[in-house]
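One structure below.
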Amino acid sequence: MDDKDESLRKKSREVTVFDERLHQLLDDMVETLQDSGGAGLAAVQVGVLRRVFVTDIGDEVVEYINPKITERSGEMLSEAEGCLSFPGQYGMVERPSHVKLEAQDRYGDFFETEGDELLARAMCHEYDHLDGVLFCDLATEMLDEEEAEQWERQKAERRGTARNKARTARSRSRRKR
Ligand SMILES: [Zn+2]
């Protein structure tokens, strides 16, 4: 994978001013994320080097400003993972199944939250973006679109789930971040 965008390698800076400009950035990021159908988006991916990311795994949008991961627990899961900045490219990345995180909301108020599986994966992936770390740095193996689809099919088969359930799992975990 070539670094087509140097800014993705830079470390983002803390947000200190919670003003209308920040709210506009968040609104734009949420719109971009929802248009893309991805699970998460970091500010650096839209060219803003601030410690901000958003996630949406289909149930609710969460905005994280100056986030800190406070706990990584559960089992380590190796799954095919993508990135909105690298369409069509996937990698097998090991992530914890459970993550706890502290952050501020758009008004500067602190909150704690936690996520499992896909949300935990999205939180870790987006958090890494804030430090210039990309999924390809952590991948044990890179996959193209076809290989990623094949991996998801095999995963569904391994789980032995009902057909419609497998389809849901496939489309959920194929969502890009
Ligand atoms: Zn990404």
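Chain labels A, B, ... are given in the sequence in which chains occur in the structure tokens; within each chain residues are numbered consecutively from 1, and ligands are likewise numbered from 1 in the order shown.
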
>> Please list as a ChimeraX atom specification every residue within 10 Å of region 74-90 of chain A, counting only C-alpha atoms and excluding residues in the same chain fewer than 5 positions away.
In response: /A:1-5,8,33,36-42,45-46,95-99,116-118,121-122,125-126,134-136,139-149,151-152,155,173-177

Just to be explicit: take each residue in the selection above, keep N, CA and C atoms, and write the result as a compact mmCIF listing (two decimals), in the first residue's frame.
```txt
# COMPACT_ATOMS: atom_id res chain seq x y z
N MET A 1 0.85 -1.20 0.00
CA MET A 1 0.00 0.00 0.00
C MET A 1 0.88 1.24 0.00
N ASP A 2 0.69 2.12 -0.95
CA ASP A 2 1.51 3.33 -0.96
C ASP A 2 0.79 4.44 -0.19
N ASP A 3 1.58 5.29 0.42
CA ASP A 3 1.00 6.40 1.17
C ASP A 3 0.67 7.53 0.22
N LYS A 4 -0.50 7.43 -0.39
CA LYS A 4 -0.90 8.44 -1.36
C LYS A 4 -1.17 9.78 -0.67
N ASP A 5 -1.51 9.68 0.61
CA ASP A 5 -1.84 10.90 1.32
C ASP A 5 -0.96 11.03 2.56
N LEU A 8 -2.26 11.44 6.25
CA LEU A 8 -2.75 10.29 7.02
C LEU A 8 -1.68 9.75 7.98
N LEU A 33 -19.69 10.06 6.54
CA LEU A 33 -19.71 8.67 7.02
C LEU A 33 -21.00 7.98 6.59
N SER A 36 -21.12 7.16 2.96
CA SER A 36 -20.19 6.10 2.57
C SER A 36 -20.65 4.72 3.04
N GLY A 37 -21.52 4.70 4.05
CA GLY A 37 -21.92 3.42 4.61
C GLY A 37 -20.84 2.77 5.46
N GLY A 38 -19.82 3.55 5.84
CA GLY A 38 -18.74 3.02 6.67
C GLY A 38 -19.14 2.94 8.13
N ALA A 39 -18.23 2.41 8.96
CA ALA A 39 -18.50 2.26 10.39
C ALA A 39 -17.85 3.36 11.21
N GLY A 40 -16.87 4.08 10.61
CA GLY A 40 -16.20 5.14 11.34
C GLY A 40 -15.40 6.04 10.42
N LEU A 41 -15.14 7.26 10.90
CA LEU A 41 -14.37 8.23 10.12
C LEU A 41 -13.62 9.15 11.08
N ALA A 42 -12.32 9.38 10.81
CA ALA A 42 -11.52 10.28 11.62
C ALA A 42 -11.32 11.60 10.87
N GLN A 45 -9.00 12.04 7.97
CA GLN A 45 -9.43 11.49 6.67
C GLN A 45 -10.15 12.53 5.81
N VAL A 46 -10.58 13.62 6.45
CA VAL A 46 -11.13 14.73 5.66
C VAL A 46 -10.18 15.93 5.71
N ARG A 95 -7.93 -7.29 16.66
CA ARG A 95 -8.42 -6.22 17.55
C ARG A 95 -9.08 -6.87 18.76
N PRO A 96 -9.10 -6.16 19.91
CA PRO A 96 -9.80 -6.70 21.07
C PRO A 96 -11.32 -6.65 20.84
N SER A 97 -12.03 -7.61 21.44
CA SER A 97 -13.49 -7.66 21.22
C SER A 97 -14.23 -6.65 22.09
N HIS A 98 -13.52 -6.07 23.08
CA HIS A 98 -14.17 -5.10 23.96
C HIS A 98 -13.23 -3.92 24.23
N VAL A 99 -13.79 -2.71 24.13
CA VAL A 99 -12.99 -1.50 24.32
C VAL A 99 -13.78 -0.51 25.19
N ASP A 116 -18.37 -3.34 21.71
CA ASP A 116 -18.00 -4.74 21.48
C ASP A 116 -17.83 -4.98 19.98
N GLU A 117 -17.00 -5.96 19.66
CA GLU A 117 -16.84 -6.48 18.30
C GLU A 117 -16.72 -5.38 17.24
N LEU A 118 -17.73 -5.21 16.38
CA LEU A 118 -17.57 -4.25 15.27
C LEU A 118 -17.34 -2.83 15.78
N ARG A 121 -13.85 -2.59 17.18
CA ARG A 121 -12.92 -2.56 16.04
C ARG A 121 -12.88 -1.17 15.42
N ALA A 122 -14.06 -0.58 15.23
CA ALA A 122 -14.13 0.76 14.64
C ALA A 122 -13.44 1.78 15.55
N HIS A 125 -9.66 1.32 15.23
CA HIS A 125 -9.21 1.74 13.90
C HIS A 125 -9.16 3.27 13.81
N GLU A 126 -10.24 3.93 14.26
CA GLU A 126 -10.29 5.40 14.17
C GLU A 126 -9.30 6.04 15.13
N LEU A 134 -2.13 3.27 10.39
CA LEU A 134 -3.12 2.76 9.44
C LEU A 134 -3.30 1.25 9.60
N PHE A 135 -4.45 0.77 9.17
CA PHE A 135 -4.75 -0.66 9.35
C PHE A 135 -3.73 -1.56 8.65
N CYS A 136 -3.15 -1.05 7.55
CA CYS A 136 -2.17 -1.85 6.82
C CYS A 136 -0.89 -2.06 7.63
N ALA A 139 -1.86 -5.11 9.75
CA ALA A 139 -2.42 -6.28 9.07
C ALA A 139 -1.40 -7.41 8.98
N THR A 140 -1.86 -8.62 9.26
CA THR A 140 -1.00 -9.79 9.12
C THR A 140 -1.01 -10.25 7.67
N GLU A 141 -2.04 -9.80 6.93
CA GLU A 141 -2.17 -10.19 5.53
C GLU A 141 -3.08 -9.16 4.85
N MET A 142 -2.74 -8.75 3.62
CA MET A 142 -3.61 -7.82 2.89
C MET A 142 -4.49 -8.62 1.93
N LEU A 143 -5.73 -8.14 1.76
CA LEU A 143 -6.69 -8.81 0.88
C LEU A 143 -7.25 -7.80 -0.11
N ASP A 144 -7.57 -8.28 -1.32
CA ASP A 144 -8.31 -7.41 -2.24
C ASP A 144 -9.80 -7.66 -2.00
N GLU A 145 -10.61 -6.95 -2.77
CA GLU A 145 -12.06 -7.00 -2.56
C GLU A 145 -12.60 -8.45 -2.62
N GLU A 146 -12.10 -9.18 -3.64
CA GLU A 146 -12.58 -10.55 -3.85
C GLU A 146 -12.18 -11.47 -2.69
N GLU A 147 -10.93 -11.30 -2.26
CA GLU A 147 -10.44 -12.13 -1.15
C GLU A 147 -11.19 -11.80 0.15
N ALA A 148 -11.49 -10.50 0.34
CA ALA A 148 -12.22 -10.10 1.54
C ALA A 148 -13.62 -10.70 1.53
N GLU A 149 -14.25 -10.70 0.37
CA GLU A 149 -15.59 -11.29 0.27
C GLU A 149 -15.55 -12.78 0.55
N TRP A 151 -13.35 -14.32 2.34
CA TRP A 151 -13.10 -14.51 3.76
C TRP A 151 -14.40 -14.39 4.55
N GLU A 152 -15.23 -13.40 4.20
CA GLU A 152 -16.49 -13.21 4.90
C GLU A 152 -17.43 -14.40 4.69
N LYS A 155 -16.22 -17.18 6.82
CA LYS A 155 -16.52 -16.88 8.22
C LYS A 155 -17.97 -17.25 8.53
N SER A 173 -19.85 -6.76 8.59
CA SER A 173 -18.41 -6.68 8.81
C SER A 173 -17.64 -6.26 7.57
N ARG A 174 -18.31 -6.21 6.43
CA ARG A 174 -17.63 -5.71 5.24
C ARG A 174 -17.66 -4.20 5.16
N ARG A 175 -18.45 -3.60 6.04
CA ARG A 175 -18.54 -2.13 6.00
C ARG A 175 -17.17 -1.51 6.27
N LYS A 176 -16.88 -0.50 5.51
CA LYS A 176 -15.55 0.10 5.63
C LYS A 176 -15.51 1.10 6.77
N ARG A 177 -14.30 1.39 7.22
CA ARG A 177 -14.15 2.34 8.29
C ARG A 177 -13.32 3.51 7.85
```

>> Please list as a VMD selection string every residue within 10 Å of Arg13 (chain A), counting only C-alpha atoms and excluding residues in the same chain fewer than 5 positions away.
In response: chain A and resid 48 to 52 66 130 to 131

Could you write out that same residue set with C-alpha atoms as an mmCIF file, in the first residue's frame?
```
data_model
loop_
_atom_site.group_PDB
_atom_site.id
_atom_site.type_symbol
_atom_site.label_atom_id
_atom_site.label_comp_id
_atom_site.auth_asym_id
_atom_site.auth_seq_id
_atom_site.Cartn_x
_atom_site.Cartn_y
_atom_site.Cartn_z
ATOM 1 C CA VAL A 48 -8.314 18.085 9.471
ATOM 2 C CA LEU A 49 -5.535 17.172 11.906
ATOM 3 C CA ARG A 50 -7.616 17.221 15.085
ATOM 4 C CA ARG A 51 -8.282 14.417 17.563
ATOM 5 C CA VAL A 52 -11.848 13.801 16.449
ATOM 6 C CA ASN A 66 -9.927 13.988 22.370
ATOM 7 C CA LEU A 130 -5.300 10.093 15.249
ATOM 8 C CA ASP A 131 -1.697 8.923 15.660
#
```

> For ligand 1, which residue among A:Glu14, A:Glu102, A:Glu112, A:Asp137 is the nearest when counting only C-alpha atoms and all ligand atoms?
Replying inline: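 Under the stated criterion, the closest residue is A:Asp137.
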
> Can you list, as a PyMOL selection string, every residue of region 42-160 of chain A that DSSP puts in alpha helix (DSSP H)?
Replying inline: chain A and resi 117-130+135-138+145-159

Deliver the residues from the most recent selection as a file, using C-alpha atoms, as an mmCIF file, in the first residue's frame.
```
data_model
loop_
_atom_site.group_PDB
_atom_site.id
_atom_site.type_symbol
_atom_site.label_atom_id
_atom_site.label_comp_id
_atom_site.auth_asym_id
_atom_site.auth_seq_id
_atom_site.Cartn_x
_atom_site.Cartn_y
_atom_site.Cartn_z
ATOM 1 C CA GLU A 117 -16.841 -6.478 18.303
ATOM 2 C CA LEU A 118 -17.575 -4.254 15.274
ATOM 3 C CA LEU A 119 -17.875 -1.076 17.375
ATOM 4 C CA ALA A 120 -14.719 -1.976 19.361
ATOM 5 C CA ARG A 121 -12.922 -2.563 16.043
ATOM 6 C CA ALA A 122 -14.130 0.761 14.640
ATOM 7 C CA MET A 123 -13.038 2.613 17.808
ATOM 8 C CA CYS A 124 -9.531 1.094 17.644
ATOM 9 C CA HIS A 125 -9.213 1.737 13.899
ATOM 10 C CA GLU A 126 -10.291 5.397 14.174
ATOM 11 C CA TYR A 127 -8.215 5.975 17.301
ATOM 12 C CA ASP A 128 -5.142 4.737 15.416
ATOM 13 C CA HIS A 129 -5.829 7.314 12.665
ATOM 14 C CA LEU A 130 -5.300 10.093 15.249
ATOM 15 C CA PHE A 135 -4.753 -0.664 9.352
ATOM 16 C CA CYS A 136 -2.166 -1.852 6.819
ATOM 17 C CA ASP A 137 0.561 -1.308 9.466
ATOM 18 C CA LEU A 138 -1.145 -3.857 11.702
ATOM 19 C CA GLU A 145 -12.061 -7.001 -2.563
ATOM 20 C CA GLU A 146 -12.581 -10.546 -3.846
ATOM 21 C CA GLU A 147 -10.445 -12.130 -1.146
ATOM 22 C CA ALA A 148 -12.218 -10.103 1.541
ATOM 23 C CA GLU A 149 -15.591 -11.294 0.266
ATOM 24 C CA GLN A 150 -14.352 -14.849 0.209
ATOM 25 C CA TRP A 151 -13.096 -14.509 3.764
ATOM 26 C CA GLU A 152 -16.495 -13.207 4.901
ATOM 27 C CA ARG A 153 -18.250 -16.111 3.169
ATOM 28 C CA GLN A 154 -15.982 -18.614 4.907
ATOM 29 C CA LYS A 155 -16.519 -16.881 8.215
ATOM 30 C CA ALA A 156 -20.273 -17.169 7.789
ATOM 31 C CA GLU A 157 -19.899 -20.849 6.943
ATOM 32 C CA ARG A 158 -17.672 -21.438 9.956
ATOM 33 C CA ARG A 159 -20.287 -19.900 12.151
#
```

>> My list of candidates is A:Gly108, A:Val54, A:Ile65, A:Asp59. Which is closest to ligand 1 when distances are computed with only C-alpha atoms and all ligand atoms?
In response: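 Nearest to ligand 1: A:Val54.
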
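Nearest residue to Glu71 (chain A) among A:Leu22, A:Val93, A:Leu101, A:Val44 is A:Leu101, counting only C-alpha atoms.
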
>> According to DSSP computed on the backbone, where in chain A is there strand (DSSP E)? Give the residues as a PyMOL selection string.
In response: chain A and resi 40-42+52-56+61-82+89-104+110-116+141-144
